[in-house]
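Participant: Below you'll find work_17.txt; it's compact mmCIF, C-alpha atoms.
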# COMPACT_ATOMS: atom_id res chain seq x y z
CA MET A 1 0.00 0.00 0.00
CA VAL A 2 1.26 3.45 -0.94
CA ASP A 3 2.28 5.73 1.94
CA LEU A 4 0.45 8.87 0.90
CA ALA A 5 1.87 10.85 3.81
CA HIS A 6 5.41 10.54 2.45
CA ILE A 7 5.30 10.76 -1.33
CA SER A 8 6.39 13.49 -3.70
CA LYS A 9 3.98 14.92 -6.24
CA LYS A 10 6.16 13.53 -9.02
CA GLU A 11 5.92 10.04 -7.52
CA LEU A 12 2.21 10.57 -6.96
CA GLY A 13 1.69 10.96 -10.70
CA LYS A 14 2.57 7.30 -11.26
CA LEU A 15 -0.61 6.30 -9.42
CA PHE A 16 -2.71 7.76 -12.26
CA ASP A 17 -3.63 6.67 -15.77
CA HIS A 18 -4.76 9.90 -17.42
CA SER A 19 -7.47 9.60 -20.07
CA VAL A 20 -9.46 11.45 -22.71
CA LEU A 21 -12.37 9.18 -23.59
CA PRO A 22 -15.40 11.17 -24.85
CA LYS A 23 -16.88 10.09 -28.17
CA ASN A 24 -16.54 13.64 -29.50
CA ALA A 25 -12.87 14.06 -28.54
CA CYS A 26 -10.82 15.64 -31.32
CA GLU A 27 -7.09 15.62 -32.02
CA ARG A 28 -6.47 18.87 -30.17
CA GLU A 29 -8.05 17.41 -27.00
CA ILE A 30 -6.07 14.19 -27.30
CA ARG A 31 -2.84 16.15 -27.61
CA GLU A 32 -3.76 18.37 -24.66
CA GLY A 33 -4.51 15.26 -22.59
CA CYS A 34 -1.14 13.75 -23.45
CA ARG A 35 0.59 16.95 -22.38
CA THR A 36 -1.30 16.96 -19.10
CA ALA A 37 -0.26 13.35 -18.50
CA ARG A 38 3.38 14.27 -19.13
CA ALA A 39 3.20 17.38 -16.94
CA TYR A 40 1.92 15.35 -13.98
CA ASN A 41 4.24 12.36 -14.59
CA CYS A 42 1.32 9.95 -14.93
CA ALA A 43 1.77 6.24 -15.49
CA ALA A 44 -0.08 6.15 -18.82
CA PHE A 45 -2.32 8.03 -21.21
CA TYR A 46 -5.48 6.38 -22.52
CA SER A 47 -7.63 7.16 -25.51
CA ALA A 48 -10.88 5.31 -26.17
CA THR A 49 -9.65 3.74 -29.40
CA SER A 50 -6.38 2.90 -31.13
CA TYR A 51 -7.41 5.36 -33.87
CA TRP A 52 -5.67 7.98 -31.72
CA THR A 53 -2.58 5.91 -30.91
CA PRO A 54 -0.31 7.46 -33.59
CA VAL A 55 -1.07 10.91 -32.14
CA VAL A 56 -0.46 9.66 -28.60
CA ARG A 57 2.84 8.05 -29.61
CA GLU A 58 3.99 11.34 -31.10
CA GLU A 59 3.06 13.32 -28.00
CA LEU A 60 4.57 10.86 -25.53
CA ALA A 61 7.81 10.24 -27.45
CA GLY A 62 10.82 10.37 -25.15
CA SER A 63 8.76 9.91 -21.97
CA ASP A 64 8.24 6.83 -19.82
CA LEU A 65 4.45 7.05 -20.02
CA LEU A 66 2.66 3.98 -21.30
CA ILE A 67 0.36 4.25 -24.31
CA GLY A 68 -3.06 2.79 -23.63
CA THR A 69 -6.45 2.18 -25.16
CA GLY A 70 -9.67 0.35 -24.38
CA ILE A 71 -10.62 -2.92 -26.05
CA ASP A 72 -14.30 -2.94 -27.07
CA PHE A 73 -14.76 0.27 -25.13
CA PRO A 74 -17.12 1.02 -23.46
CA PHE A 75 -19.66 -1.79 -23.90
CA GLY A 76 -17.56 -4.97 -24.02
CA SER A 77 -20.33 -6.93 -25.72
CA SER A 78 -18.71 -7.68 -29.08
CA PRO A 79 -17.95 -11.28 -30.05
CA LEU A 80 -14.49 -12.55 -29.17
CA PRO A 81 -13.09 -12.36 -32.74
CA VAL A 82 -13.88 -8.63 -32.79
CA LYS A 83 -12.13 -8.13 -29.47
CA ILE A 84 -9.11 -10.11 -30.67
CA ALA A 85 -8.89 -7.95 -33.80
CA GLN A 86 -8.95 -4.82 -31.62
CA MET A 87 -6.20 -6.20 -29.37
CA GLU A 88 -3.99 -7.02 -32.34
CA GLU A 89 -4.60 -3.63 -33.98
CA ALA A 90 -3.85 -1.76 -30.74
CA LEU A 91 -0.54 -3.60 -30.38
CA ARG A 92 0.36 -2.93 -34.02
CA ALA A 93 -0.41 0.75 -33.50
CA GLY A 94 2.02 0.91 -30.57
CA CYS A 95 -0.05 0.49 -27.41
CA ASN A 96 1.72 -1.14 -24.48
CA THR A 97 -1.14 -1.14 -21.97
CA LEU A 98 -4.65 -2.38 -22.80
CA ASP A 99 -7.94 -2.31 -20.88
CA LEU A 100 -10.32 -5.09 -21.94
CA ILE A 101 -14.01 -4.66 -21.10
CA ILE A 102 -15.67 -7.97 -20.26
CA ASN A 103 -19.04 -8.99 -21.65
CA VAL A 104 -21.23 -7.99 -18.70
CA GLY A 105 -24.34 -9.57 -20.18
CA ALA A 106 -22.59 -12.92 -20.46
CA VAL A 107 -21.58 -12.72 -16.80
CA ARG A 108 -25.14 -11.89 -15.73
CA ASP A 109 -26.34 -14.92 -17.72
CA GLY A 110 -23.82 -17.11 -15.89
CA ARG A 111 -21.81 -17.65 -19.09
CA TYR A 112 -18.43 -17.68 -17.41
CA ASP A 113 -17.12 -19.76 -20.30
CA VAL A 114 -17.43 -16.60 -22.42
CA THR A 115 -15.50 -14.60 -19.83
CA LYS A 116 -12.78 -17.24 -19.53
CA ALA A 117 -12.33 -17.38 -23.30
CA GLU A 118 -11.97 -13.59 -23.45
CA LEU A 119 -9.44 -13.49 -20.64
CA ASP A 120 -7.38 -16.39 -21.99
CA ALA A 121 -7.23 -14.73 -25.42
CA PHE A 122 -6.25 -11.43 -23.80
CA LYS A 123 -3.38 -13.09 -21.97
CA ARG A 124 -2.24 -14.96 -25.08
CA ILE A 125 -2.24 -11.94 -27.38
CA ALA A 126 -1.22 -9.08 -25.10
CA GLY A 127 0.49 -10.75 -22.16
CA LYS A 128 4.03 -10.52 -23.49
CA ASP A 129 3.74 -7.18 -25.20
CA ALA A 130 1.43 -5.06 -23.03
CA LEU A 131 0.24 -4.52 -19.49
CA THR A 132 -3.17 -6.19 -19.21
CA LYS A 133 -6.10 -4.65 -17.33
CA VAL A 134 -9.61 -6.12 -17.22
CA ILE A 135 -12.65 -3.87 -16.69
CA LEU A 136 -15.56 -5.42 -14.79
CA GLU A 137 -18.08 -2.52 -14.77
CA VAL A 138 -19.02 -3.41 -11.20
CA CYS A 139 -22.10 -1.17 -11.08
CA PHE A 140 -23.92 -3.82 -13.12
CA LEU A 141 -22.71 -6.87 -11.16
CA THR A 142 -23.52 -8.59 -7.87
CA ASP A 143 -20.83 -9.23 -5.29
CA GLU A 144 -20.87 -12.91 -6.25
CA GLU A 145 -20.38 -12.07 -9.93
CA ILE A 146 -17.55 -9.67 -9.08
CA THR A 147 -15.85 -12.39 -7.05
CA ARG A 148 -16.23 -14.99 -9.81
CA VAL A 149 -14.80 -12.69 -12.48
CA CYS A 150 -11.87 -11.69 -10.26
CA GLY A 151 -11.09 -15.38 -9.79
CA LEU A 152 -11.00 -15.87 -13.56
CA ILE A 153 -8.72 -12.84 -13.97
CA ALA A 154 -6.31 -14.35 -11.46
CA GLU A 155 -6.48 -17.77 -13.16
CA ALA A 156 -5.65 -16.19 -16.52
CA GLY A 157 -2.57 -14.49 -15.04
CA LEU A 158 -3.53 -10.95 -16.01
CA ASP A 159 -2.00 -7.85 -14.45
CA TYR A 160 -4.91 -5.73 -13.19
CA ALA A 161 -8.59 -5.91 -12.38
CA LYS A 162 -10.29 -2.56 -12.95
CA THR A 163 -13.60 -1.49 -11.49
CA SER A 164 -15.21 0.46 -14.30
CA THR A 165 -14.95 2.21 -17.65
CA GLY A 166 -15.88 5.52 -16.06
CA GLN A 167 -18.74 5.86 -18.54
CA TYR A 168 -21.43 4.62 -16.16
CA GLU A 169 -21.90 4.60 -12.38
CA GLY A 170 -18.55 4.36 -10.62
CA PRO A 171 -17.67 1.78 -7.96
CA SER A 172 -18.66 1.96 -4.32
CA MET A 173 -16.03 1.31 -1.69
CA ASP A 174 -17.93 -1.88 -0.81
CA GLN A 175 -17.58 -3.15 -4.38
CA PHE A 176 -13.89 -2.27 -4.45
CA LEU A 177 -13.33 -4.18 -1.23
CA VAL A 178 -15.10 -7.22 -2.70
CA MET A 179 -12.54 -7.13 -5.52
CA LYS A 180 -9.68 -6.65 -3.09
CA LYS A 181 -10.76 -9.62 -0.97
CA ALA A 182 -11.19 -11.84 -4.03
CA LEU A 183 -7.71 -10.98 -5.34
CA THR A 184 -5.70 -10.95 -2.09
CA GLY A 185 -2.63 -13.12 -2.51
CA THR A 186 -3.07 -13.59 -6.27
CA GLY A 187 -0.65 -10.93 -7.53
CA VAL A 188 -3.40 -9.20 -9.52
CA ARG A 189 -3.36 -5.47 -8.86
CA LEU A 190 -6.33 -3.12 -8.59
CA LYS A 191 -7.28 -0.12 -10.71
CA VAL A 192 -10.23 2.17 -10.02
CA ALA A 193 -12.07 4.32 -12.56
CA GLY A 194 -15.29 6.27 -12.32
CA VAL A 195 -14.29 7.99 -9.09
CA LYS A 196 -17.27 9.99 -7.85
CA PHE A 197 -17.33 13.61 -6.72
CA PRO A 198 -15.63 14.99 -4.75
CA ARG A 199 -12.91 13.32 -6.78
CA PRO A 200 -9.78 14.19 -4.75
CA GLN A 201 -11.14 12.84 -1.47
CA ASN A 202 -12.59 9.72 -3.05
CA ALA A 203 -9.54 8.98 -5.21
CA TYR A 204 -7.23 9.13 -2.20
CA ALA A 205 -9.64 6.94 -0.23
CA PHE A 206 -9.40 4.23 -2.90
CA ILE A 207 -5.60 4.47 -2.92
CA LYS A 208 -5.53 4.16 0.87
CA ALA A 209 -7.82 1.12 0.54
CA GLY A 210 -5.38 -0.60 -1.81
CA ALA A 211 -5.85 0.69 -5.38
CA GLU A 212 -2.54 0.91 -7.22
CA LEU A 213 -3.89 2.95 -10.13
CA ILE A 214 -6.65 5.50 -10.63
CA GLY A 215 -7.94 5.98 -14.17
CA THR A 216 -9.36 9.46 -14.63
CA ARG A 217 -9.53 12.57 -16.77
CA ALA A 218 -9.07 14.58 -13.55
CA SER A 219 -5.51 13.50 -12.71
CA GLY A 220 -4.28 17.08 -12.46
CA GLN A 221 -7.13 18.16 -10.19
CA ILE A 222 -6.56 15.24 -7.84
CA ILE A 223 -2.78 15.64 -7.69
CA ASP A 224 -3.09 19.42 -7.23
CA ALA A 225 -5.33 18.77 -4.21
CA TYR A 226 -2.67 16.66 -2.45
CA ASP A 227 -1.32 19.51 -0.29
CA GLN A 228 -4.83 20.52 0.74
CA MET A 229 -5.70 16.92 1.65
CA LYS A 230 -2.63 16.82 3.90
CA GLU A 231 -3.41 20.21 5.40
CA ILE A 232 -6.90 19.18 6.48
CA GLY A 233 -5.68 15.84 7.81
CA LEU A 234 -7.12 13.39 5.27
CA LEU A 235 -3.63 12.20 4.32
Just give me the structure as structure tokens.
Facilitator:
Amino acid sequence: MVDLAHISKKELGKLFDHSVLPKNACEREIREGCRTARAYNCAAFYSATSYWTPVVREELAGSDLLIGTGIDFPFGSSPLPVKIAQMEEALRAGCNTLDLIINVGAVRDGRYDVTKAELDAFKRIAGKDALTKVILEVCFLTDEEITRVCGLIAEAGLDYAKTSTGQYEGPSMDQFLVMKKALTGTGVRLKVAGVKFPRPQNAYAFIKAGAELIGTRASGQIIDAYDQMKEIGLL
């Protein structure tokens, strides 16, 4: 667990994956987002699709930031061959961190064979070339379903379980702790997205609870609030 009381703002940046994900995002906004991610020393920059990856690569050249995109973002309901094609295209474009959205409907139908096939393919295709993160979209799942999916993520040997796309209702702390309990001792790390307002307080609460990454378009706002959070005694 990160010691938030004794961390520099530069080190703090590596707890954030900065993103620009709106459907109407244009090149100027993608470039501005990349520059924000560099300015705050974030871990990665994410766009919603590998269409933007050449622009992101140009903006992040010479930095240590990872280049990320979502796979089947934000719905996750495409057939596996479509998801595989997106994974392969993202890697060809130059991404080195990928967030796969699971098929939530399949999970709700108890079709864990669909989930397992997706996760195994994700590991096979991206595992050696990119950091792998799996989005559950916990707002649509029961605690039992969250636990089952986390178990499959661990079995597949993937790097992160992520709460949400950030496009729908974000996670509650209870849901995050269900994920944490399910993954304790597995080596799978935790990423939170969809942090609710007030974002700084809630983001730091998730980090204190065990999240190793926060995915957000508000990285700068949250990092800028660090001194204030310490001043008022939250950190």
Participant: List as an mmCIF file with C-alpha atoms, in the coordinates of the input the residues having at least one atom at most 12 Å from position (-7.1, -10.4, -22.8) as given in the file, counting all atoms listed in the file.
Facilitator:
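Writing done, so here's part_39.cif:
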data_model
loop_
_atom_site.group_PDB
_atom_site.id
_atom_site.type_symbol
_atom_site.label_atom_id
_atom_site.label_comp_id
_atom_site.auth_asym_id
_atom_site.auth_seq_id
_atom_site.Cartn_x
_atom_site.Cartn_y
_atom_site.Cartn_z
ATOM 1 C CA GLY A 70 -9.670 0.350 -24.380
ATOM 2 C CA ILE A 71 -10.620 -2.920 -26.050
ATOM 3 C CA ASP A 72 -14.300 -2.940 -27.070
ATOM 4 C CA GLY A 76 -17.560 -4.970 -24.020
ATOM 5 C CA LEU A 80 -14.490 -12.550 -29.170
ATOM 6 C CA PRO A 81 -13.090 -12.360 -32.740
ATOM 7 C CA LYS A 83 -12.130 -8.130 -29.470
ATOM 8 C CA ILE A 84 -9.110 -10.110 -30.670
ATOM 9 C CA ALA A 85 -8.890 -7.950 -33.800
ATOM 10 C CA GLN A 86 -8.950 -4.820 -31.620
ATOM 11 C CA MET A 87 -6.200 -6.200 -29.370
ATOM 12 C CA GLU A 88 -3.990 -7.020 -32.340
ATOM 13 C CA THR A 97 -1.140 -1.140 -21.970
ATOM 14 C CA LEU A 98 -4.650 -2.380 -22.800
ATOM 15 C CA ASP A 99 -7.940 -2.310 -20.880
ATOM 16 C CA LEU A 100 -10.320 -5.090 -21.940
ATOM 17 C CA ILE A 101 -14.010 -4.660 -21.100
ATOM 18 C CA ILE A 102 -15.670 -7.970 -20.260
ATOM 19 C CA THR A 115 -15.500 -14.600 -19.830
ATOM 20 C CA LYS A 116 -12.780 -17.240 -19.530
ATOM 21 C CA ALA A 117 -12.330 -17.380 -23.300
ATOM 22 C CA GLU A 118 -11.970 -13.590 -23.450
ATOM 23 C CA LEU A 119 -9.440 -13.490 -20.640
ATOM 24 C CA ASP A 120 -7.380 -16.390 -21.990
ATOM 25 C CA ALA A 121 -7.230 -14.730 -25.420
ATOM 26 C CA PHE A 122 -6.250 -11.430 -23.800
ATOM 27 C CA LYS A 123 -3.380 -13.090 -21.970
ATOM 28 C CA ARG A 124 -2.240 -14.960 -25.080
ATOM 29 C CA ILE A 125 -2.240 -11.940 -27.380
ATOM 30 C CA ALA A 126 -1.220 -9.080 -25.100
ATOM 31 C CA GLY A 127 0.490 -10.750 -22.160
ATOM 32 C CA LYS A 128 4.030 -10.520 -23.490
ATOM 33 C CA ASP A 129 3.740 -7.180 -25.200
ATOM 34 C CA ALA A 130 1.430 -5.060 -23.030
ATOM 35 C CA LEU A 131 0.240 -4.520 -19.490
ATOM 36 C CA THR A 132 -3.170 -6.190 -19.210
ATOM 37 C CA LYS A 133 -6.100 -4.650 -17.330
ATOM 38 C CA VAL A 134 -9.610 -6.120 -17.220
ATOM 39 C CA ILE A 135 -12.650 -3.870 -16.690
ATOM 40 C CA LEU A 152 -11.000 -15.870 -13.560
ATOM 41 C CA ILE A 153 -8.720 -12.840 -13.970
ATOM 42 C CA ALA A 156 -5.650 -16.190 -16.520
ATOM 43 C CA GLY A 157 -2.570 -14.490 -15.040
ATOM 44 C CA LEU A 158 -3.530 -10.950 -16.010
ATOM 45 C CA ASP A 159 -2.000 -7.850 -14.450
ATOM 46 C CA TYR A 160 -4.910 -5.730 -13.190
ATOM 47 C CA ALA A 161 -8.590 -5.910 -12.380
#
Participant: Can you pull out every residue within 10 Å of Glu137 in chain A, counting all atoms listed in the file, but drop anything in the same chain fewer than 6 positions away, and send it as a VMD selection string?
Facilitator: chain A and resid 74 to 76 101 to 104 146 162 to 171 193 to 194
Participant: Find the residues around Lys23 in chain A up to 12 Å (all atoms listed in the file counted), leave out those fewer than 4 positions away in its own chain, and share them as a ChimeraX atom specification.
Facilitator: /A:27,29-30,47-49,52,73-74,167
Participant: Rank nothing, just name the residue among A:Thr142, A:Asn202, A:Ser19, A:Asn41 nearest to Thr69 in chain A, using only C-alpha atoms.
Facilitator: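 Using only C-alpha atoms, the shortest distance to Thr69 in chain A belongs to A:Ser19.
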Participant: Which residue gives the smallest distance to Ile214 in chain A among A:Leu183, A:Thr53, A:Gly94, A:Leu12, with only C-alpha atoms counted?
Facilitator: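 Closest candidate: A:Leu12.
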Participant: As JSON, numbers by chain, please: the residues near Leu60 in chain A (cut-off 9 Å, only C-alpha atoms, same-chain neighbours under 3 positions excluded).
Facilitator: {"A": [34, 35, 37, 38, 45, 55, 56, 57, 63, 64, 65, 66, 67]}
Participant: Between A:Lys230, A:Tyr51, A:Gly220, A:Ala61, which has the minimum distance to Gly13 in chain A (counting all atoms listed in the file)?
Facilitator: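 Among the listed residues, the smallest separation from Gly13 in chain A belongs to A:Gly220.
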Participant: Please identify all polymer residues within 12 Å of Ile7 in chain A, counting all atoms listed in the file, omitting same-chain residues fewer than 4 positions from it, and present them as a PyMOL selection string.
Facilitator: chain A and resi 2-3+11-15+223+226-227+230+235
Participant: What is the CA of Arg189 in chain A-CA of Cys95 in chain A distance in Å, reported with one decimal?
Facilitator: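 Taking CA of Arg189 in chain A and CA of Cys95 in chain A, their separation equals 19.8 Å.
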Participant: Calculate, to one decimal in Å, the centre and edge lengths of the box along x, y and z of the file that holds all listed atoms of range 25-42 of chain A with 5 Å of margin on each side, and present them as JSON.
Facilitator:
{"center_x": -4.3, "center_y": 14.4, "center_z": -23.0, "size_x": 27.1, "size_y": 18.9, "size_z": 28.0}
Participant: Pick from A:Glu212, A:Arg111, A:Asp224, A:Ile207: nearest to Ala43 in chain A, with all atoms listed in the file counted?
Facilitator: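 Of all the options, A:Glu212 lies closest to Ala43 in chain A.
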